[in-house]
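> File name target11.cif; file contents mmCIF, C-alpha atoms; full text below.
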data_final
#
loop_
_atom_site.label_atom_id
_atom_site.label_comp_id
_atom_site.auth_asym_id
_atom_site.auth_seq_id
_atom_site.Cartn_x
_atom_site.Cartn_y
_atom_site.Cartn_z
CA MET J 1 0.00 0.00 0.00
CA LEU J 2 2.82 2.42 0.82
CA GLU J 3 4.18 2.15 -2.70
CA ALA J 4 0.75 2.93 -4.19
CA LEU J 5 0.32 5.90 -1.87
CA GLU J 6 3.74 7.21 -2.87
CA GLN J 7 2.61 7.09 -6.51
CA VAL J 8 -0.49 9.07 -5.57
CA GLY J 9 1.76 11.58 -3.83
CA GLY J 10 3.82 11.94 -6.99
CA ALA J 11 0.67 12.62 -9.00
CA VAL J 12 -0.31 15.29 -6.47
CA ASP J 13 3.13 16.90 -6.91
CA ASP J 14 2.54 17.05 -10.66
CA CYS J 15 -0.85 18.67 -10.11
CA ALA J 16 0.58 21.20 -7.68
CA GLU J 17 3.14 22.30 -10.28
CA THR J 18 0.42 22.94 -12.88
CA THR J 19 -0.10 26.59 -13.79
CA LEU J 20 -3.72 27.07 -12.78
CA TRP J 21 -4.26 30.28 -14.70
CA GLY J 22 -3.62 28.32 -17.89
CA LEU J 23 -6.64 26.07 -17.36
CA SER J 24 -9.64 26.72 -19.60
CA ASP J 25 -13.08 27.55 -18.21
CA ASP J 26 -14.09 23.93 -18.83
CA GLU J 27 -10.94 22.41 -17.31
CA LEU J 28 -11.10 24.43 -14.09
CA PRO J 29 -14.43 23.06 -12.70
CA ALA J 30 -13.66 19.58 -14.10
CA SER J 31 -10.35 19.57 -12.21
CA LEU J 32 -12.11 20.71 -9.05
CA ASP J 33 -14.58 17.84 -9.40
CA ALA J 34 -11.72 15.39 -9.85
CA THR J 35 -9.93 16.59 -6.71
CA GLN J 36 -13.17 16.22 -4.73
CA VAL J 37 -13.69 12.63 -5.88
CA LEU J 38 -10.05 11.70 -5.25
CA SER J 39 -10.00 13.30 -1.79
CA GLN J 40 -13.13 11.40 -0.76
CA ARG J 41 -11.72 8.10 -2.04
CA LEU J 42 -8.49 8.68 -0.12
CA ALA J 43 -10.48 9.64 2.97
CA THR J 44 -12.30 6.31 2.74
CA VAL J 45 -8.97 4.47 2.61
CA GLN J 46 -7.84 6.44 5.67
CA LEU J 47 -11.02 5.48 7.56
CA GLY J 48 -10.31 1.83 6.81
CA LEU J 49 -6.80 2.19 8.22
CA VAL J 50 -8.11 3.90 11.34
CA ARG J 51 -10.67 1.16 11.89
CA GLU J 52 -8.03 -1.54 11.51
CA LEU J 53 -5.72 0.26 13.95
CA ASP J 54 -8.55 0.58 16.45
CA GLY J 55 -9.59 -3.05 16.02
CA ARG J 56 -6.07 -4.30 16.68
CA GLY J 57 -5.70 -2.09 19.73
CA LEU J 58 -2.41 -0.90 18.29
CA ALA J 59 -2.66 2.52 19.96
CA VAL J 60 -3.01 0.99 23.42
CA THR J 61 -0.13 -1.38 22.68
CA GLN J 62 2.04 1.65 21.99
CA GLY J 63 1.14 3.23 25.31
CA ALA J 64 -1.73 5.54 24.34
CA SER J 65 -4.93 5.55 26.38
CA SER J 66 -7.09 5.29 23.27
CA THR J 67 -6.94 5.30 19.49
CA ALA J 68 -8.25 8.88 19.47
CA VAL J 69 -5.43 10.08 21.72
CA TRP J 70 -2.89 8.26 19.54
CA LEU J 71 -4.32 9.81 16.37
CA ARG J 72 -4.30 13.25 17.96
CA ASP J 73 -0.55 13.04 18.52
CA ARG J 74 0.31 11.09 15.38
CA LEU J 75 -1.68 13.18 12.90
CA ARG J 76 -1.55 16.45 14.87
CA LEU J 77 -5.31 16.66 15.14
CA SER J 78 -7.47 18.30 17.76
CA GLY J 79 -8.90 15.92 20.33
CA ARG J 80 -12.39 16.45 18.94
CA SER J 81 -11.32 15.75 15.35
CA ALA J 82 -9.49 12.59 16.42
CA ARG J 83 -12.55 11.27 18.28
CA GLN J 84 -14.79 12.05 15.32
CA LEU J 85 -12.39 10.23 12.99
CA VAL J 86 -12.52 7.07 15.12
CA GLN J 87 -16.31 7.24 15.37
CA LEU J 88 -16.71 7.83 11.63
CA ALA J 89 -14.43 4.91 10.85
CA ALA J 90 -16.59 2.64 13.05
CA THR J 91 -19.80 3.95 11.44
CA ILE J 92 -18.56 3.33 7.89
CA ASP J 93 -17.16 -0.08 8.85
CA ALA J 94 -20.59 -1.16 10.17
CA ALA J 95 -22.39 0.09 7.05
CA PRO J 96 -23.59 -2.24 4.29
CA PRO J 97 -20.88 -3.10 1.71
CA ALA J 98 -22.65 -0.98 -0.90
CA VAL J 99 -21.83 2.15 1.11
CA ARG J 100 -18.11 1.43 1.15
CA ASP J 101 -18.20 0.51 -2.56
CA ALA J 102 -19.86 3.85 -3.36
CA LEU J 103 -17.27 5.70 -1.25
CA LEU J 104 -14.31 3.98 -2.89
CA SER J 105 -15.70 4.67 -6.37
CA GLY J 106 -16.21 8.34 -5.54
CA ALA J 107 -19.96 8.10 -6.14
CA ILE J 108 -20.69 9.61 -2.71
CA THR J 109 -18.77 11.76 -0.25
CA VAL J 110 -17.66 10.62 3.19
CA GLU J 111 -20.27 12.89 4.80
CA GLN J 112 -22.99 11.39 2.62
CA GLY J 113 -21.68 7.92 3.47
CA ARG J 114 -22.02 8.72 7.17
CA VAL J 115 -25.62 9.84 6.65
CA VAL J 116 -26.48 6.67 4.71
CA ALA J 117 -24.77 4.45 7.28
CA GLU J 118 -26.53 6.09 10.23
CA THR J 119 -29.88 5.96 8.44
CA ILE J 120 -29.57 2.23 7.75
CA ALA J 121 -28.44 1.57 11.32
CA ALA J 122 -31.54 3.38 12.61
CA LEU J 123 -34.00 1.22 10.62
CA PRO J 124 -36.30 -0.90 12.80
CA VAL J 125 -35.17 -4.46 13.40
CA GLU J 126 -38.30 -5.84 11.78
CA ALA J 127 -37.27 -4.23 8.47
CA GLY J 128 -34.80 -7.06 7.86
CA PRO J 129 -31.70 -7.22 5.61
CA GLU J 130 -33.62 -7.16 2.33
CA VAL J 131 -35.33 -3.86 3.16
CA ALA J 132 -32.01 -2.46 4.45
CA ASP J 133 -30.32 -3.31 1.14
CA LYS J 134 -33.10 -1.62 -0.84
CA ALA J 135 -32.89 1.47 1.37
CA THR J 136 -29.12 1.58 0.96
CA GLN J 137 -29.31 1.45 -2.83
CA LEU J 138 -31.99 4.14 -2.91
CA LEU J 139 -30.03 6.48 -0.63
CA VAL J 140 -26.84 5.98 -2.65
CA THR J 141 -28.82 6.86 -5.78
CA TRP J 142 -30.26 9.97 -4.12
CA ALA J 143 -26.75 11.02 -3.05
CA ASP J 144 -26.07 11.96 -6.67
CA ARG J 145 -28.59 14.82 -6.32
CA PHE J 146 -28.80 15.74 -2.64
CA ASP J 147 -26.39 17.24 -0.12
CA PRO J 148 -25.90 15.46 3.24
CA THR J 149 -28.52 17.56 5.04
CA SER J 150 -31.22 16.92 2.43
CA LEU J 151 -30.17 13.27 2.18
CA GLY J 152 -30.59 12.88 5.93
CA ARG J 153 -34.06 14.40 5.78
CA LEU J 154 -35.01 12.04 2.96
CA GLY J 155 -33.53 9.16 4.92
CA GLU J 156 -36.04 9.77 7.68
CA ARG J 157 -38.76 8.74 5.23
CA VAL J 158 -36.88 6.11 3.20
CA LEU J 159 -39.09 3.32 4.55
CA ALA J 160 -42.06 4.93 2.83
CA HIS J 161 -40.35 4.14 -0.48
CA VAL J 162 -38.94 0.67 0.13
CA ALA J 163 -41.35 -0.75 2.73
CA PRO J 164 -44.55 1.31 2.94
CA GLU J 165 -46.20 -1.30 5.15
CA LEU J 166 -43.59 -0.65 7.85
CA ALA J 167 -43.20 3.10 7.37
CA ASP J 168 -46.30 4.32 9.20
CA GLN J 169 -45.75 2.05 12.17
CA ALA J 170 -42.09 3.00 12.48
CA GLU J 171 -42.79 6.72 12.13
CA LEU J 172 -45.51 6.68 14.76
CA LYS J 173 -43.25 4.87 17.22
CA ALA J 174 -40.43 7.35 16.58
CA LEU J 175 -42.80 10.32 16.91
CA GLU J 176 -44.23 8.99 20.13
CA ARG J 177 -40.75 8.48 21.60
CA ALA J 178 -39.66 11.96 20.51
CA THR J 179 -42.86 13.51 21.86
CA GLU J 180 -42.40 11.79 25.21
CA ARG J 181 -38.81 13.03 25.44
CA ALA J 182 -39.79 16.57 24.46
CA GLU J 183 -42.63 16.69 26.97
CA ALA J 184 -40.39 15.34 29.73
CA ARG J 185 -37.68 17.93 29.00
CA ARG J 186 -39.92 20.94 28.40
CA HIS J 187 -39.19 23.96 30.56
CA VAL J 188 -38.94 27.74 30.46
CA THR J 189 -36.60 29.60 32.79
CA LEU J 190 -36.60 33.34 33.56
CA SER J 191 -33.24 34.30 35.08
CA GLU J 192 -32.74 37.74 36.57
CA GLN J 193 -29.57 39.46 35.32
CA GLN J 194 -27.60 42.20 37.06
CA ASN J 195 -27.84 44.51 34.05
CA GLY J 196 -31.57 45.02 34.31
CA GLN J 197 -32.40 42.22 31.89
CA VAL J 198 -34.06 38.85 32.28
CA ARG J 199 -32.65 35.88 30.41
CA VAL J 200 -35.28 33.59 28.86
CA SER J 201 -34.20 30.03 28.11
CA GLY J 202 -35.78 26.65 27.79
CA ASN J 203 -37.05 23.87 25.54
CA LEU J 204 -40.51 23.46 24.04
CA ASP J 205 -42.19 20.48 22.45
CA THR J 206 -43.01 20.76 18.74
CA GLU J 207 -46.69 21.50 19.25
CA THR J 208 -46.10 24.33 21.75
CA ALA J 209 -43.25 25.80 19.69
CA SER J 210 -45.47 25.85 16.61
CA LEU J 211 -48.18 27.73 18.48
CA LEU J 212 -45.62 30.24 19.77
CA ARG J 213 -44.17 30.77 16.30
CA GLU J 214 -47.60 31.28 14.73
CA ALA J 215 -48.47 33.82 17.43
CA ILE J 216 -45.21 35.78 17.20
CA ASP J 217 -44.53 35.82 13.44
CA PRO J 218 -47.30 38.29 12.48
CA LEU J 219 -45.85 40.80 14.95
CA CYS J 220 -42.21 40.38 13.89
CA ALA J 221 -42.34 42.36 10.65
CA PRO J 222 -40.44 45.69 10.57
CA ALA J 223 -42.66 48.60 11.53
CA GLY J 224 -41.45 50.65 8.55
CA GLU J 225 -38.41 51.65 6.54
CA HIS J 226 -36.86 53.36 9.57
CA ASP J 227 -37.27 50.34 11.85
CA ASP J 228 -33.66 49.44 12.71
CA ARG J 229 -34.43 46.70 15.25
CA THR J 230 -32.62 43.40 14.76
CA PRO J 231 -34.71 40.26 14.07
CA GLY J 232 -34.02 39.11 17.64
CA GLN J 233 -35.23 42.40 19.04
CA ARG J 234 -38.39 42.24 16.95
CA ARG J 235 -39.10 38.73 18.24
CA ALA J 236 -38.60 39.89 21.81
CA ASP J 237 -40.98 42.81 21.27
CA ALA J 238 -43.49 40.48 19.62
CA LEU J 239 -43.42 38.15 22.62
CA GLY J 240 -44.15 41.10 24.91
CA GLU J 241 -47.00 42.21 22.67
CA ILE J 242 -48.52 38.73 22.74
CA CYS J 243 -48.49 38.84 26.53
CA ARG J 244 -50.10 42.28 26.52
CA LEU J 245 -52.82 41.09 24.14
CA ALA J 246 -53.53 38.14 26.42
CA LEU J 247 -53.67 40.33 29.51
CA ARG J 248 -56.01 42.84 27.87
CA THR J 249 -58.70 40.20 27.54
CA GLY J 250 -59.11 39.98 31.29
CA GLN J 251 -60.19 36.39 30.84
CA LEU J 252 -57.00 34.42 31.45
CA PRO J 253 -56.52 31.52 31.75
CA ASP J 254 -59.80 30.20 30.38
CA ASN J 255 -60.05 31.98 27.05
CA GLY J 256 -57.27 34.51 26.61
CA GLY J 257 -57.87 35.68 23.09
CA ASP J 258 -58.23 34.30 19.59
CA ARG J 259 -56.92 30.85 18.87
CA PRO J 260 -53.94 30.44 16.54
CA GLN J 261 -54.35 29.24 12.99
CA LEU J 262 -52.21 26.29 11.96
CA VAL J 263 -52.19 24.47 8.64
CA VAL J 264 -52.23 20.74 9.35
CA THR J 265 -52.16 18.38 6.39
CA VAL J 266 -54.14 15.24 7.18
CA SER J 267 -57.12 13.56 5.56
CA LEU J 268 -60.48 13.64 7.31
CA ASP J 269 -60.48 9.86 7.69
CA GLU J 270 -57.02 9.88 9.25
CA LEU J 271 -58.02 12.73 11.56
CA VAL J 272 -61.10 10.90 12.75
CA ASN J 273 -59.44 7.52 13.16
CA GLY J 274 -56.10 8.85 14.40
CA VAL J 275 -54.00 6.35 12.44
CA ARG J 276 -51.50 8.65 10.71
CA ALA J 277 -49.22 11.54 11.56
CA GLY J 278 -50.01 15.09 10.44
CA THR J 279 -47.77 17.70 8.82
CA LEU J 280 -47.52 21.39 9.72
CA GLU J 281 -46.84 23.92 6.96
CA THR J 282 -43.21 24.03 8.17
CA GLY J 283 -42.83 20.33 7.37
CA THR J 284 -42.76 19.33 11.05
CA ARG J 285 -44.55 16.05 11.75
CA LEU J 286 -47.03 15.68 14.61
CA THR J 287 -48.40 12.59 16.30
CA PRO J 288 -52.09 11.74 15.73
CA GLY J 289 -52.80 12.78 19.31
CA ALA J 290 -51.29 16.22 18.75
CA VAL J 291 -53.30 16.65 15.54
CA ARG J 292 -56.53 15.77 17.33
CA ARG J 293 -55.70 18.24 20.13
CA LEU J 294 -55.08 21.02 17.64
CA ALA J 295 -58.27 20.18 15.78
CA CYS J 296 -60.15 20.49 19.05
CA ASP J 297 -58.51 23.64 20.42
CA ALA J 298 -57.21 25.62 17.41
CA GLY J 299 -58.52 26.86 14.11
CA VAL J 300 -57.14 24.11 11.87
CA LEU J 301 -57.38 25.02 8.18
CA PRO J 302 -58.02 22.02 5.88
CA ALA J 303 -55.56 21.65 2.99
CA VAL J 304 -57.16 19.56 0.21
CA LEU J 305 -54.58 17.56 -1.74
CA ASP J 306 -54.76 15.38 -4.84
CA GLY J 307 -53.05 12.00 -5.24
CA ASN J 308 -49.69 13.62 -6.05
CA SER J 309 -49.76 15.85 -2.94
CA GLN J 310 -50.51 18.86 -5.12
CA VAL J 311 -52.74 21.57 -3.66
CA LEU J 312 -56.06 21.72 -5.51
CA ASP J 313 -56.24 25.34 -6.57
CA VAL J 314 -59.04 27.83 -7.13
CA GLY J 315 -57.80 31.16 -8.56
CA ARG J 316 -58.35 34.45 -6.72
CA GLN J 317 -59.20 37.70 -8.44
CA ARG J 318 -56.84 39.86 -6.42
CA ARG J 319 -53.25 41.05 -6.62
CA LEU J 320 -51.71 39.84 -3.35
CA PHE J 321 -51.14 36.28 -2.23
CA THR J 322 -52.84 36.43 1.18
CA GLY J 323 -55.07 34.31 3.40
CA PRO J 324 -55.91 30.79 2.24
CA LEU J 325 -54.18 31.32 -1.11
CA ARG J 326 -50.85 32.10 0.55
CA ARG J 327 -51.29 29.14 2.89
CA ALA J 328 -51.82 26.90 -0.12
CA LEU J 329 -48.71 28.37 -1.78
CA VAL J 330 -46.67 27.76 1.38
CA LEU J 331 -47.93 24.20 1.60
CA GLY J 332 -47.01 23.56 -2.04
CA ASP J 333 -43.52 25.10 -2.15
CA GLY J 334 -42.46 24.65 1.48
CA GLY J 335 -40.19 27.70 1.34
CA CYS J 336 -38.21 29.61 -1.27
CA ALA J 337 -38.52 27.51 -4.43
CA PHE J 338 -35.24 28.69 -6.00
CA PRO J 339 -32.80 25.76 -6.43
CA GLY J 340 -30.70 25.23 -3.32
CA CYS J 341 -32.35 27.96 -1.19
CA ASP J 342 -33.28 26.98 2.37
CA ARG J 343 -35.27 30.09 3.36
CA PRO J 344 -38.48 29.21 5.25
CA PRO J 345 -41.94 30.36 4.15
CA ARG J 346 -42.17 33.26 6.60
CA TRP J 347 -39.18 34.90 4.86
CA CYS J 348 -40.74 34.61 1.40
CA ASP J 349 -43.11 36.50 -0.89
CA GLY J 350 -45.57 35.22 -3.45
CA HIS J 351 -44.27 35.98 -6.96
CA HIS J 352 -46.47 36.24 -10.07
CA ILE J 353 -44.75 34.20 -12.79
CA ARG J 354 -46.64 36.26 -15.33
CA HIS J 355 -46.72 39.71 -13.78
CA TRP J 356 -50.04 41.08 -12.57
CA ALA J 357 -49.52 44.20 -14.63
CA HIS J 358 -49.20 42.03 -17.75
CA GLY J 359 -52.44 40.17 -17.16
CA GLY J 360 -51.17 37.47 -14.82
CA VAL J 361 -53.75 36.06 -12.42
CA THR J 362 -53.32 35.65 -8.67
CA ALA J 363 -53.64 31.87 -8.58
CA LEU J 364 -51.42 28.91 -7.71
CA GLY J 365 -50.86 28.13 -11.38
CA ASN J 366 -49.16 31.50 -11.74
CA ALA J 367 -47.37 31.63 -8.38
CA VAL J 368 -44.10 30.67 -6.77
CA LEU J 369 -42.69 31.37 -3.29
CA LEU J 370 -39.40 33.31 -3.30
CA CYS J 371 -37.21 34.84 -0.61
CA GLY J 372 -36.26 38.50 -0.96
CA TYR J 373 -32.90 37.81 -2.59
CA HIS J 374 -34.22 35.40 -5.22
CA HIS J 375 -37.32 37.50 -5.77
CA ARG J 376 -35.04 40.36 -6.83
CA LEU J 377 -32.91 37.96 -8.89
CA ILE J 378 -35.92 36.74 -10.86
CA HIS J 379 -37.14 40.29 -11.47
CA HIS J 380 -33.79 41.77 -12.44
CA GLY J 381 -31.61 38.81 -13.46
CA ASP J 382 -31.48 36.36 -16.35
CA TRP J 383 -33.16 33.45 -14.59
CA THR J 384 -36.74 32.54 -15.49
CA VAL J 385 -39.31 30.43 -13.66
CA ARG J 386 -42.25 28.36 -14.84
CA ILE J 387 -44.70 25.80 -13.49
CA ALA J 388 -43.98 22.32 -14.84
CA ALA J 389 -46.57 19.79 -15.95
CA ASP J 390 -46.62 18.20 -12.49
CA GLY J 391 -47.47 21.54 -10.87
CA ARG J 392 -44.02 22.15 -9.35
CA PRO J 393 -41.98 25.29 -10.04
CA GLU J 394 -38.77 24.91 -12.02
CA PHE J 395 -36.12 27.46 -12.90
CA LEU J 396 -34.23 27.93 -16.15
CA PRO J 397 -30.67 29.25 -15.68
CA PRO J 398 -29.30 31.95 -18.00
CA SER J 399 -27.65 30.71 -21.20
CA TRP J 400 -24.25 32.00 -20.11
CA LEU J 401 -24.42 29.61 -17.13
CA ASP J 402 -26.00 26.66 -18.97
CA PRO J 403 -26.28 26.89 -22.76
CA LEU J 404 -28.99 24.18 -22.70
CA ARG J 405 -30.92 26.03 -19.96
CA THR J 406 -31.70 22.74 -18.24
CA PRO J 407 -34.60 23.23 -15.78
CA ARG J 408 -33.62 23.06 -12.10
CA ARG J 409 -35.69 22.52 -8.97
CA ASN J 410 -35.28 23.06 -5.25
CA HIS J 411 -35.14 19.71 -3.45
CA TYR J 412 -34.38 21.23 -0.05
CA HIS J 413 -38.05 21.51 0.94
CA LEU J 414 -38.97 18.15 -0.60
CA ARG J 415 -41.45 16.16 1.49
CA CYS J 416 -41.63 12.46 0.87
#
For this file, produce the structure as structure tokens.


Amino acid sequence: MLEALEQVGGAVDDCAETTLWGLSDDELPASLDATQVLSQRLATVQLGLVRELDGRGLAVTQGASSTAVWLRDRLRLSGRSARQLVQLAATIDAAPPAVRDALLSGAITVEQGRVVAETIAALPVEAGPEVADKATQLLVTWADRFDPTSLGRLGERVLAHVAPELADQAELKALERATERAEARRHVTLSEQQNGQVRVSGNLDTETASLLREAIDPLCAPAGEHDDRTPGQRRADALGEICRLALRTGQLPDNGGDRPQLVVTVSLDELVNGVRAGTLETGTRLTPGAVRRLACDAGVLPAVLDGNSQVLDVGRQRRLFTGPLRRALVLGDGGCAFPGCDRPPRWCDGHHIRHWAHGGVTALGNAVLLCGYHHRLIHHGDWTVRIAADGRPEFLPPSWLDPLRTPRRNHYHLRC
């Protein structure tokens, strides 16, 4: 192996001596891609070496207290990096062979490999090896299009694709466990500070946090062009205003004001029978019990979906995307629809694909959700947006970026 690694080192020396400014516009990104693939393949080889060292107990034999401590001194790493390296090596070693094959071929990155390995390890025991193999292959295929964060989010629902009969049961068990943990750990602490302030800290369960967010968000917008408060300051002021509104009713705690409005996606049959989880407009999943509580105590707005999870639209003869129409737009796009953007719905505006002034209607078929930055880019840049045949927005890059103008989509907000 040492001889082969020395040859790789010689190739790296040759690359380092290359005059980079002489590379063409096509060679430069292609070379970058090649270095990424090679670095990930080498990293996989290194993880294998670390795992073998750890398995043999070689570090302890040489007087170190652990493999991580030995690596810290040997490779001049921080203690944290050394521990993470040992843990990652163990995770990849325990992964199905297809994960290591994909890593060694350069098809996936080490970080993606970790996500796939952890996802497969978290599958319920009753899934069995056949389902695990199918899930592995699907995740490796998805890795060609999704970054590690998006891949991890898709991995949470991979059973729905490879074993639908197990998916609902597994999700409900996981949700119930998470809900129990969140409820057990919930707390809010008000700590007096010496500088005249009070520090607010704590943890909320998903249901309570959603109610708080829905109550605060309408009051967090800037008061005008001269409002120089930071977002954190506006949230703090909004929380105070919510408390003042509640106190003004004089009816606490029984009925302290209007109930919040939450969009919960769940069919009527599932709501009545309580057999499936519900989805908030933020994408957060709720247990059937939480959905039933919200249906009883809050103004839950029904979102009618077709078989492809597309919002069934009725156009509105008005200019602004407000009320139920905006809620439907939020439910459809999930956030800024521009490829790769992770901005949540509350930071976005409804954009007329065909401008209102040019005869465009205010309806879902002519609408897309965009954050401020990408809204300006679409209006003043060379990108264009359209609604595809399946009802999803897709963006066409400018010809100088992609001569074929291949349509692109945002997979960040994808909900399985």

> Quick one: of J:Asp228, J:Glu171, J:Asp217, J:Asp382, who's nearest to Pro398 of chain J, counting only C-alpha atoms?

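Closest to Pro398 of chain J of all the choices is J:Asp382.
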
> Choose the residue, out of J:Ala121, J:Ala102, J:Val385, J:Ala143, that has the smallest atom-to-atom separation from Val368 of chain J; count all atoms listed in the file.

J:Val385

> Quick one: which residues end up in the PyMOL selection byres ((chain J and resi 409) around 7) for this structure, as a list of chain:residue names?

J:Phe338, J:Pro339, J:Pro393, J:Glu394, J:Phe395, J:Pro407, J:Arg408, J:Asn410, J:His411

> Between J:Ile242, J:Leu75, J:Val37, J:Ala163, which one has atoms that come closest to Leu103 of chain J, using only C-alpha atoms?

J:Val37

> Between atom CA of Leu369 of chain J and atom CA of Gly350 of chain J, what is the spacing in Å?

4.8 Å

> Suppose you want the space between atom CA of Arg41 of chain J and atom CA of Ser65 of chain J; what is it in Å?

29.3 Å

> Quick one: apply the PyMOL selection byres ((chain J and resi 209) around 12) to the file and drop the selected residues here as a ChimeraX atom specification.

/J:182-183,186-188,202-208,210-217,262,280,282,284,286

> Counting all atoms listed in the file, what is within 10 Å of Pro231 of chain J, bar same-chain residues fewer than 4 positions away, as a list in words?

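Answer for this query is Cys220, Ala221, Pro222, Arg235, Ala236 and Asp237 of chain J.
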
> Which is closest to Ala132 of chain J among J:Arg327, J:Arg72, J:Arg343, J:His161, if we use only C-alpha atoms?

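Among the listed residues, J:His161 lies closest to Ala132 of chain J.
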
> Measuring atom to atom with all atoms listed in the file, identify which of J:Val162, J:Leu401, J:Cys348, J:Leu172 is nearest to Gly128 of chain J.

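Of J:Val162, J:Leu401, J:Cys348, J:Leu172, the one nearest Gly128 of chain J is J:Val162, counting all atoms listed in the file.
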
> Using the chain letters and numbers from this file, what does the PyMOL selection byres ((chain J and resi 413) around 9) select? Give the answer as number ranges by chain.

J: 150, 283, 333-337, 341-342, 344, 410-412, 414-415

> Near segment 320-326 of chain J, within 8 Å and counting all atoms listed in the file, which residues show up once chain neighbours fewer than 4 positions away are dropped, as a list in words?

Arg316, Val330, Gly350, Thr362, Ala363 and Leu364 of chain J

> Separation of atom CA of Glu52 of chain J and atom CA of Arg76 of chain J, in Å?

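Atom CA of Arg76 of chain J lies 19.4 Å from atom CA of Glu52 of chain J.
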
> Given the choices J:Ala127, J:Ala11, J:Val110, J:Val45, which gets closest to Val158 of chain J if the distance is worked out from all atoms listed in the file?

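Closest to Val158 of chain J, using all atoms listed in the file: J:Ala127.
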